[in-house]
Every structure is written in C-alpha cells, then in structure tokens.
$ cat query.cif   # mmCIF, C-alpha atoms and all ligand atoms
data_my_file
#
loop_
_atom_site.label_atom_id
_atom_site.label_comp_id
_atom_site.auth_asym_id
_atom_site.auth_seq_id
_atom_site.Cartn_x
_atom_site.Cartn_y
_atom_site.Cartn_z
CA MET Y 79 0.00 0.00 0.00
CA ARG Y 80 1.46 3.38 -1.01
CA HIS Y 81 0.87 6.46 1.14
CA LEU Y 82 1.84 10.12 0.75
CA LEU Y 83 3.05 11.42 4.11
CA GLU Y 84 6.02 13.37 2.73
CA VAL Y 85 7.28 14.05 -0.79
CA ASP Y 86 10.11 11.54 -0.37
CA ASP Y 87 7.58 8.73 -0.10
CA LEU Y 88 7.80 9.14 -3.88
CA SER Y 89 10.77 8.70 -6.19
CA PRO Y 90 11.73 11.57 -8.54
CA SER Y 91 10.11 9.73 -11.45
CA GLU Y 92 6.92 9.27 -9.40
CA VAL Y 93 6.88 13.00 -8.61
CA ARG Y 94 7.23 13.58 -12.34
CA ALA Y 95 4.35 11.21 -13.06
CA ILE Y 96 2.11 13.09 -10.60
CA LEU Y 97 3.00 16.43 -12.18
CA ASP Y 98 2.10 15.00 -15.60
CA LEU Y 99 -1.19 13.60 -14.23
CA SER Y 100 -1.95 17.04 -12.76
CA ARG Y 101 -2.19 18.40 -16.30
CA ALA Y 102 -3.97 15.38 -17.82
CA PRO Y 103 -7.76 14.92 -18.19
CA ALA Y 104 -9.32 13.62 -14.96
CA PRO Y 105 -10.14 9.89 -15.07
CA ALA Y 106 -13.13 8.65 -13.05
CA VAL Y 107 -10.94 6.59 -10.70
CA LEU Y 108 -13.15 7.41 -7.70
CA ALA Y 109 -16.51 6.73 -9.35
CA GLY Y 110 -18.86 5.46 -6.67
CA ARG Y 111 -16.12 5.75 -4.02
CA GLY Y 112 -15.45 8.18 -1.20
CA MET Y 113 -12.48 9.94 0.36
CA ALA Y 114 -12.48 10.81 4.06
CA LEU Y 115 -10.83 14.17 4.80
CA LEU Y 116 -10.00 14.64 8.49
CA PHE Y 117 -9.00 18.13 9.68
CA GLU Y 118 -7.47 18.83 13.11
CA LYS Y 119 -6.59 22.37 11.93
CA PRO Y 120 -8.37 25.03 9.85
CA SER Y 121 -8.03 25.09 6.05
CA VAL Y 122 -9.20 27.04 3.01
CA ARG Y 123 -7.04 25.75 0.16
CA THR Y 124 -6.47 22.17 1.23
CA ARG Y 125 -10.07 21.36 2.07
CA ASN Y 126 -11.48 22.98 -1.06
CA SER Y 127 -8.81 21.70 -3.45
CA MET Y 128 -9.10 18.15 -2.11
CA GLU Y 129 -12.89 18.13 -2.13
CA MET Y 130 -12.97 19.40 -5.71
CA ALA Y 131 -10.22 17.00 -6.83
CA VAL Y 132 -12.25 14.09 -5.46
CA VAL Y 133 -15.39 15.38 -7.24
CA GLN Y 134 -13.48 15.74 -10.52
CA LEU Y 135 -12.40 12.10 -10.21
CA GLY Y 136 -16.03 11.01 -9.83
CA GLY Y 137 -15.88 10.47 -6.06
CA HIS Y 138 -17.56 11.78 -2.92
CA PRO Y 139 -15.45 13.79 -0.43
CA LEU Y 140 -16.42 13.58 3.22
CA THR Y 141 -14.86 16.24 5.44
CA ILE Y 142 -14.68 15.38 9.14
CA ARG Y 143 -13.67 17.53 12.11
CA PRO Y 144 -11.71 15.68 14.82
CA ASP Y 145 -14.39 16.33 17.46
CA GLU Y 146 -16.90 14.55 15.22
CA VAL Y 147 -14.95 11.29 15.51
CA GLY Y 148 -13.11 11.97 18.78
CA LEU Y 149 -9.66 11.25 17.38
CA ASP Y 150 -7.66 9.60 20.20
CA VAL Y 151 -10.43 10.64 22.62
CA ARG Y 152 -13.59 8.75 21.71
CA GLU Y 153 -11.50 6.07 20.04
CA THR Y 154 -7.95 5.64 18.85
CA VAL Y 155 -6.51 6.94 15.59
CA GLU Y 156 -6.06 3.29 14.57
CA ASP Y 157 -9.71 2.38 15.16
CA VAL Y 158 -10.94 5.49 13.29
CA THR Y 159 -8.57 4.70 10.40
CA ARG Y 160 -9.65 1.05 10.07
CA THR Y 161 -13.30 2.06 10.16
CA LEU Y 162 -12.95 4.84 7.59
CA GLY Y 163 -11.02 2.48 5.32
CA ALA Y 164 -14.07 0.22 5.18
CA TYR Y 165 -16.12 2.98 3.53
CA HIS Y 166 -13.59 5.08 1.63
CA ALA Y 167 -11.06 4.51 -1.15
CA MET Y 168 -8.60 6.90 0.52
CA ILE Y 169 -8.07 8.85 3.74
CA GLY Y 170 -6.64 12.38 3.94
CA ALA Y 171 -5.63 13.89 7.28
CA ARG Y 172 -4.44 17.30 8.51
CA VAL Y 173 -2.93 16.79 11.94
CA PHE Y 174 -0.69 18.38 14.55
CA GLU Y 175 1.70 15.50 15.36
CA HIS Y 176 3.15 13.88 12.24
CA SER Y 177 3.08 10.60 14.15
CA LYS Y 178 -0.70 10.55 13.72
CA VAL Y 179 -0.50 10.18 9.92
CA GLU Y 180 2.28 7.61 10.40
CA ARG Y 181 0.02 5.63 12.74
CA MET Y 182 -2.77 5.84 10.18
CA ALA Y 183 -0.50 4.58 7.41
CA VAL Y 184 0.63 1.59 9.48
CA CYS Y 185 -2.89 0.22 9.94
CA SER Y 186 -4.75 1.58 6.92
CA ALA Y 187 -6.19 -0.66 4.22
CA VAL Y 188 -6.36 2.34 1.86
CA PRO Y 189 -3.84 5.06 0.88
CA VAL Y 190 -3.30 7.81 3.49
CA VAL Y 191 -2.52 11.34 2.32
CA ASN Y 192 -0.93 13.89 4.63
CA MET Y 193 -2.88 17.13 4.15
CA LEU Y 194 -0.36 18.96 6.42
CA SER Y 195 1.25 17.94 9.67
CA ASP Y 196 3.59 19.85 11.96
CA ASP Y 197 6.46 18.32 9.96
CA ALA Y 198 5.37 18.18 6.32
CA HIS Y 199 3.02 19.55 3.64
CA PRO Y 200 3.61 17.35 0.58
CA LEU Y 201 0.49 18.36 -1.38
CA GLN Y 202 1.63 21.98 -1.12
CA ALA Y 203 5.11 21.13 -2.39
CA LEU Y 204 3.70 19.25 -5.40
CA ALA Y 205 1.61 22.33 -6.28
CA ASP Y 206 4.68 24.52 -5.80
CA VAL Y 207 6.87 22.61 -8.26
CA LEU Y 208 3.90 22.44 -10.67
CA THR Y 209 3.63 26.24 -10.48
CA MET Y 210 7.35 26.67 -11.18
CA ALA Y 211 7.15 24.18 -14.05
CA ASP Y 212 4.33 26.26 -15.55
CA GLU Y 213 6.39 29.41 -15.11
CA PHE Y 214 9.69 28.18 -16.46
CA GLY Y 215 8.46 26.12 -19.44
CA GLY Y 216 7.92 22.61 -18.09
CA VAL Y 217 9.24 20.17 -15.51
CA ASP Y 218 12.44 19.60 -17.51
CA GLU Y 219 13.20 23.31 -17.28
CA LEU Y 220 13.36 23.19 -13.46
CA ALA Y 221 16.77 21.51 -13.44
CA ASP Y 222 19.55 23.73 -12.08
CA ARG Y 223 17.15 26.49 -11.14
CA THR Y 224 17.29 27.92 -7.62
CA ILE Y 225 14.49 28.48 -5.13
CA ALA Y 226 15.10 30.45 -1.94
CA PHE Y 227 12.89 29.99 1.11
CA VAL Y 228 13.04 32.97 3.47
CA GLY Y 229 11.40 32.70 6.89
CA ASP Y 230 10.46 29.95 9.30
CA GLY Y 231 12.05 26.51 8.97
CA ASN Y 232 8.70 24.75 9.02
CA ASN Y 233 6.61 22.00 7.41
CA VAL Y 234 6.28 23.91 4.12
CA ALA Y 235 10.03 24.58 3.92
CA ARG Y 236 10.88 20.92 4.53
CA SER Y 237 8.54 19.54 1.89
CA LEU Y 238 9.56 22.22 -0.61
CA GLY Y 239 13.26 21.47 -0.07
CA ILE Y 240 12.64 17.79 -0.77
CA ALA Y 241 10.42 18.39 -3.82
CA ALA Y 242 12.83 20.94 -5.26
CA GLY Y 243 15.74 18.52 -5.19
CA MET Y 244 13.65 15.76 -6.72
CA CYS Y 245 13.04 18.09 -9.66
CA GLY Y 246 16.75 18.95 -9.93
CA MET Y 247 16.43 22.38 -8.31
CA ARG Y 248 18.83 24.00 -5.85
CA PHE Y 249 17.32 25.05 -2.50
CA ARG Y 250 18.54 27.91 -0.31
CA LEU Y 251 17.04 28.25 3.15
CA ALA Y 252 17.34 31.52 5.11
CA THR Y 253 15.99 31.44 8.67
CA PRO Y 254 16.77 33.45 11.82
CA PRO Y 255 19.01 31.63 14.31
CA GLY Y 256 16.92 29.17 16.31
CA TYR Y 257 14.16 28.91 13.69
CA GLY Y 258 15.85 26.66 11.16
CA LEU Y 259 15.01 23.11 10.20
CA SER Y 260 16.42 20.35 12.41
CA GLU Y 261 19.56 18.48 11.38
CA PRO Y 262 17.53 15.33 10.53
CA ASP Y 263 15.21 17.44 8.36
CA LEU Y 264 18.16 19.04 6.55
CA ALA Y 265 19.69 15.58 6.07
CA ARG Y 266 16.40 14.39 4.60
CA ILE Y 267 16.40 17.28 2.11
CA VAL Y 268 19.98 16.45 1.07
CA ALA Y 269 19.09 12.74 0.82
CA ALA Y 270 16.41 13.71 -1.72
CA GLY Y 271 19.25 14.91 -3.98
CA THR Y 272 18.88 18.60 -3.17
CA ASP Y 273 21.81 20.99 -3.56
CA LEU Y 274 21.18 22.80 -0.24
CA VAL Y 275 22.52 26.07 1.15
CA VAL Y 276 21.54 27.14 4.68
CA THR Y 277 22.06 30.72 5.84
CA ASP Y 278 20.67 33.35 8.20
CA ASP Y 279 21.02 36.05 5.54
CA PRO Y 280 17.92 36.51 3.31
CA ALA Y 281 19.90 38.63 0.81
CA GLU Y 282 22.44 35.83 0.34
CA ALA Y 283 19.64 33.28 -0.14
CA VAL Y 284 17.78 35.18 -2.85
CA ALA Y 285 20.80 36.48 -4.82
CA GLY Y 286 20.16 35.48 -8.45
CA ALA Y 287 17.45 32.95 -7.46
CA ASP Y 288 14.62 32.04 -9.83
CA ALA Y 289 12.00 32.10 -7.09
CA VAL Y 290 11.63 33.27 -3.51
CA TYR Y 291 9.12 31.58 -1.21
CA THR Y 292 7.90 32.49 2.22
CA ASP Y 293 5.27 31.36 4.73
CA VAL Y 294 3.81 32.67 7.98
CA TRP Y 295 6.25 33.17 10.86
CA ALA Y 296 3.90 31.46 13.35
CA SER Y 297 2.36 28.28 11.98
CA MET Y 298 -0.92 26.79 13.19
CA GLY Y 299 -0.36 25.68 16.77
CA HIS Y 300 2.32 28.36 17.37
CA GLU Y 301 0.01 31.38 17.44
CA ASP Y 302 0.93 32.14 21.07
CA GLU Y 303 4.54 32.72 19.94
CA ALA Y 304 3.52 35.35 17.35
CA ASP Y 305 4.94 38.37 19.21
CA THR Y 306 8.27 36.71 20.00
CA ARG Y 307 8.53 35.48 16.45
CA ARG Y 308 7.76 38.93 14.98
CA ARG Y 309 10.83 40.22 16.79
CA ALA Y 310 13.01 37.24 15.86
CA PHE Y 311 12.06 37.49 12.18
CA ASP Y 312 12.81 41.21 11.87
CA GLY Y 313 14.65 41.62 8.55
CA PHE Y 314 13.08 38.51 7.00
CA THR Y 315 10.16 40.26 5.27
CA VAL Y 316 10.10 39.64 1.53
CA ASP Y 317 9.89 43.18 0.18
CA ASP Y 318 10.76 44.98 -3.06
CA GLU Y 319 14.39 45.34 -2.00
CA LEU Y 320 14.75 41.58 -1.58
CA MET Y 321 12.82 40.90 -4.82
CA ALA Y 322 15.30 43.13 -6.69
CA ARG Y 323 18.06 40.63 -5.85
CA LEU Y 324 16.34 37.75 -7.70
CA ALA Y 325 17.13 36.78 -11.27
CA PRO Y 326 15.40 39.18 -13.70
CA GLU Y 327 12.55 36.71 -14.31
CA GLY Y 328 12.41 35.58 -10.67
CA ILE Y 329 8.98 35.05 -9.09
CA PHE Y 330 7.37 35.19 -5.64
CA LEU Y 331 5.56 32.20 -4.12
CA HIS Y 332 3.63 31.76 -0.85
CA CYS Y 333 1.53 28.78 0.25
CA LEU Y 334 -1.01 31.15 1.90
CA PRO Y 335 -2.58 32.20 4.18
CA ALA Y 336 -0.36 35.32 4.19
CA HIS Y 337 0.17 37.86 6.92
CA ARG Y 338 0.73 41.02 4.88
CA GLY Y 339 3.31 43.30 6.46
CA GLU Y 340 4.98 40.41 8.29
CA GLU Y 341 6.62 37.75 6.10
CA VAL Y 342 5.70 39.61 2.87
CA THR Y 343 4.72 43.13 1.94
CA ASP Y 344 1.38 43.86 0.34
CA ALA Y 345 3.26 45.27 -2.69
CA VAL Y 346 5.15 42.00 -3.32
CA LEU Y 347 2.10 39.78 -2.76
CA GLU Y 348 0.05 41.86 -5.18
CA GLY Y 349 2.98 42.65 -7.50
CA SER Y 350 3.58 41.52 -11.09
CA ARG Y 351 6.07 38.84 -10.01
CA SER Y 352 3.71 37.19 -7.54
CA ARG Y 353 2.30 33.82 -8.64
CA VAL Y 354 0.35 33.07 -5.47
CA TRP Y 355 -3.07 32.78 -7.15
CA PRO Y 356 -2.07 30.27 -9.84
CA GLN Y 357 -0.12 28.50 -7.07
CA ALA Y 358 -3.30 28.27 -4.97
CA GLU Y 359 -5.27 26.99 -7.98
CA ASN Y 360 -2.55 24.42 -8.63
CA ARG Y 361 -3.30 22.88 -5.24
CA MET Y 362 -6.37 21.35 -6.85
CA HIS Y 363 -4.58 20.12 -9.99
CA ALA Y 364 -1.64 18.69 -8.05
CA ALA Y 365 -4.00 17.04 -5.55
CA ARG Y 366 -5.93 15.45 -8.40
CA GLY Y 367 -2.68 14.16 -9.93
CA ALA Y 368 -1.58 12.72 -6.59
CA LEU Y 369 -4.92 11.01 -5.98
CA VAL Y 370 -4.97 9.45 -9.45
CA TRP Y 371 -1.41 8.19 -8.97
CA LEU Y 372 -2.23 6.71 -5.54
CA MET Y 373 -5.35 5.00 -6.87
CA GLU Y 374 -3.27 3.48 -9.69
CA HIS Y 375 -0.47 2.31 -7.33
CA ARG Y 376 -2.38 0.91 -4.34
N1 LIG P 401 -1.71 26.42 1.82
C1 LIG P 401 -2.61 25.76 2.58
O1 LIG P 401 -2.44 24.60 2.94
O2 LIG P 401 -3.71 26.51 2.89
P1 LIG P 401 -4.85 26.04 3.91
O3 LIG P 401 -4.23 25.99 5.28
O4 LIG P 401 -5.91 27.12 3.80
O5 LIG P 401 -5.36 24.71 3.49
N1 LIG P 402 3.31 26.56 7.96
C1 LIG P 402 1.89 26.86 7.91
C2 LIG P 402 1.34 26.42 6.60
C3 LIG P 402 -0.10 26.73 6.39
C4 LIG P 402 -0.61 26.25 5.07
C5 LIG P 402 1.19 26.15 9.06
O1 LIG P 402 1.52 25.00 9.36
O2 LIG P 402 0.31 26.77 9.66
#

$ encode --input "query.cif" --output "structure tokens"
Amino acid sequence: MRHLLEVDDLSPSEVRAILDLSRAPAPAVLAGRGMALLFEKPSVRTRNSMEMAVVQLGGHPLTIRPDEVGLDVRETVEDVTRTLGAYHAMIGARVFEHSKVERMAVCSAVPVVNMLSDDAHPLQALADVLTMADEFGGVDELADRTIAFVGDGNNVARSLGIAAGMCGMRFRLATPPGYGLSEPDLARIVAAGTDLVVTDDPAEAVAGADAVYTDVWASMGHEDEADTRRRAFDGFTVDDELMARLAPEGIFLHCLPAHRGEEVTDAVLEGSRSRVWPQAENRMHAARGALVWLMEHR
C-alpha cells in the first residue's frame, strides 16, 4: 500500500508522473467511491482543493472535524482509520503531530494522504513545483534552477526542499538563528538529492534565485509565539528590495494564508512577479494528480 506522508515517499520519477497527471484529463478513478478528509486544523485551500479533486475524479469527499470522531479521545486513531477504510477509497488527514498520519499509514487498508502535519506539507510542495514548471516552461526546465525559502524553517520549507531537489532544483534556506530546520530534516532534504545552502542572511539566499518563497512566521499551533517570532524574524520580510536581488525573471511564491506586512509586503504579494493565485489553484490540480497516482499504485 502506497501512502503520501512526505514528498520523499515518492521517487523523482513518481513526482514527475504526478506532475504529468496534474495536467492530464481527470479519469473517473473514484466513481462510486469516497475519500475521508479529516482536519485537526483550519483550512481554506487544502479542504477545497481536495474536495474538488475528489469530485473531478467522480468520487464523494467527506470532510470530518476531529471532534466529530473523537480522534484519540472517543476512540484511537487506529480504530478510526480502520473504520474509515471500510467505507472510503482513501483517507486524507491534517494533523498536529506527524506521528498521527504515520500511525494511520501503518494500519490503513487504503492510501493515506498527509494534508499537512507539523512536519510536512507534501500536497503543497507538489503544487509549488507544478507552479514553477508552468512558469519556467515545463518540468524539464526546473533543473539547475534555484528556489530560496526565506522565513520559518517549518513543514512547508521541509517539503519544498525535498520536492525541489527531486526536480533537480537548488534550495537555499534563510531562517533566523533558532528557527531553522532540524539536522535530521536538513539531512532528509539532502538525501532527496537537493543541492542545499543554509544561511541566516535573506539577501544571500535570494541572490540570483529564480523564485523566492515564504510562509507565515507562526504556523498553526504556534500562534501564542507570534509576538516573539515577529521580533526574531525582523529583517526577514520579503519586500521589493529583496525581490530586486532575484534573477530578472524571478517570481514570488507563498503557500497562503499570508500575513501582509509580516513575512511579505502587500506590494510583493500583489505585485507583477507574484504567482500566489495560480499557485493556490494548482493545489487542486496537483492534488488530483496525486490522488490518481495513488489509486493506480495501491
Ligand atoms: N496552503 C494551505 O495549505 O492553505 P490552507 O491551510 O488554507 O489549506
Ligand atoms: N506553515 C503553515 C502552513 C499553512 C498552510 C502552518 O503550518 O500553519
């Protein structure tokens, strides 16, 4: 049984196959079937893109809040997973602890898709490389390009670093001291084949890069650290000055939601080099590609 908990659950050629499927007509692989979508955290893009991807594949999406099933309260993650697998062709889950999706995958009779955990956001990363492929003329044109991530060393940064390397891209990560990715996470990015540079200097990270990416400074579950983080991330806002250091055709990406005036200025988010809206739309296309691939490789 194949699952998608992090991008490196796939090989580079499998990532490529999903990107190709994302642009192919939607086959009815979920006709008469359902997909359970469990959310422990809020969502705009992931819930809507997944629900619509399932519909486009002929299936029925069923979104569930954790309190509705009592995840690890009313019954265990394992018992919920085995039960949902009896009704649904696949299970998606957005969770705090990454171990929850790992526990699901261990006991699940159907593919499990990580819709964001504290550690990883693989569906986002697939949409991100799809967006850059669109921008730069195809997946083959991603090789030897550079993406810089400026901000918090979080779930989005980790998955992006892995996906970038699998597509032959270089990855530069600029975080304030104390907010970087862990050594095991960095090792995992390198193991994916990524040419990785780690720095605490945003200007160094973006110099000549083809894309700059940022994300909120306080992820879901870290909201109480927002004030401390605002101080720690001073100087890490993606603004026009930082954008001017990119390659001439360099673009701006953000997984959204954005906190304008914090990790990115309003001018950059709304500027001519921002690709955040096609990137958000690509969540649906990339999700559809991933679901088709998983249904074909159960
Ligand atoms: N980018 C993303 O995952 O957005 P949501 O949290 O709204 O799903
Ligand atoms: N890093 C953010 C991503 C939101 C899509 C979070 O986990 O809240």

$ residues_near_ligand --input "query.cif" --ligand "ligand LIG 401 (chain P)" --cutoff "7 Å" --atoms "only C-alpha atoms and all ligand atoms" --output "ChimeraX atom specification"
/Y:120-125,194,202,333-335

$ closest_atom_pairs --input "query.cif" --of "region 142-212 of chain Y" --to "region 281-292 of chain Y" --cutoff "12 Å" --atoms "only C-alpha atoms" --output "JSON lines"
{"residue": "Y:Ala203", "atom": "CA", "partner": "Y:Tyr291", "partner_atom": "CA", "distance": 11.3}
{"residue": "Y:Asp206", "atom": "CA", "partner": "Y:Tyr291", "partner_atom": "CA", "distance": 9.5}
{"residue": "Y:Val207", "atom": "CA", "partner": "Y:Ala289", "partner_atom": "CA", "distance": 10.9}
{"residue": "Y:Thr209", "atom": "CA", "partner": "Y:Ala289", "partner_atom": "CA", "distance": 10.8}
{"residue": "Y:Met210", "atom": "CA", "partner": "Y:Ala289", "partner_atom": "CA", "distance": 8.2}
{"residue": "Y:Ala211", "atom": "CA", "partner": "Y:Ala289", "partner_atom": "CA", "distance": 11.6}

$ residues_near_ligand --input "query.cif" --ligand "ligand LIG 402 (chain P)" --cutoff "10 Å" --atoms "all atoms listed in the file" --output "PyMOL selection string"
chain Y and resi 119-124+172-174+193-199+202+230-235+292-301+332-336

$ closest_residue --input "query.cif" --among "Y:Glu180, Y:Glu175, Y:Glu340, Y:Asp157" --to "Asp305 (chain Y)" --atoms "only C-alpha atoms"
Y:Glu340

$ residues_near_point --input "query.cif" --point "(-15.0, 10.4, -7.2)" --cutoff "7 Å" --atoms "only C-alpha atoms" --output "list in words"
Ala106, Val107, Leu108, Ala109, Gly110, Arg111, Gly112, Val132, Val133, Gln134, Leu135, Gly136, Gly137 and His138 of chain Y

$ residues_near_point --input "query.cif" --point "(19.0, 17.8, -0.7)" --cutoff "12 Å" --atoms "all atoms listed in the file" --output "JSON, numbers by chain"
{"Y": [86, 236, 237, 238, 239, 240, 241, 242, 243, 244, 245, 246, 247, 248, 249, 250, 251, 262, 263, 264, 265, 266, 267, 268, 269, 270, 271, 272, 273, 274, 275, 276]}

$ closest_residue --input "query.cif" --among "Y:Asn360, Y:Thr161, Y:Asn126, Y:Thr315" --to "Thr343 (chain Y)" --atoms "only C-alpha atoms"
Y:Thr315

$ closest_residue --input "query.cif" --among "Y:Ala226, Y:Ser127, Y:Arg152, Y:Ala167" --to "Glu374 (chain Y)" --atoms "all atoms listed in the file"
Y:Ala167

$ residues_around --input "query.cif" --residues "region 367-373 of chain Y" --least-positions-apart "6" --cutoff "6 Å" --atoms "only C-alpha atoms" --output "list in words"
Ile96, Leu99 and Ser100 of chain Y

$ closest_residue --input "query.cif" --among "Y:Gln357, Y:Ser260, Y:Ser352, Y:Ser91" --to "Asp218 (chain Y)" --atoms "all atoms listed in the file"
Y:Ser91

$ axis_aligned_box --input "query.cif" --around "region 276-295 of chain Y" --padding-each-side "8 Å" --output "lines of an AutoDock Vina configuration file"
center_x = 13.1
center_y = 32.9
center_z = 0.5
size_x = 34.6
size_y = 27.5
size_z = 36.7

$ atom_distance --input "query.cif" --atom1 "CA of Ala171 (chain Y)" --atom2 "CA of Glu341 (chain Y)"
26.8 Å

$ atom_distance --input "query.cif" --atom1 "CA of Met128 (chain Y)" --atom2 "CA of Glu153 (chain Y)"
25.3 Å

$ atom_distance --input "query.cif" --atom1 "CA of Arg101 (chain Y)" --atom2 "CA of Ala365 (chain Y)"
11.0 Å
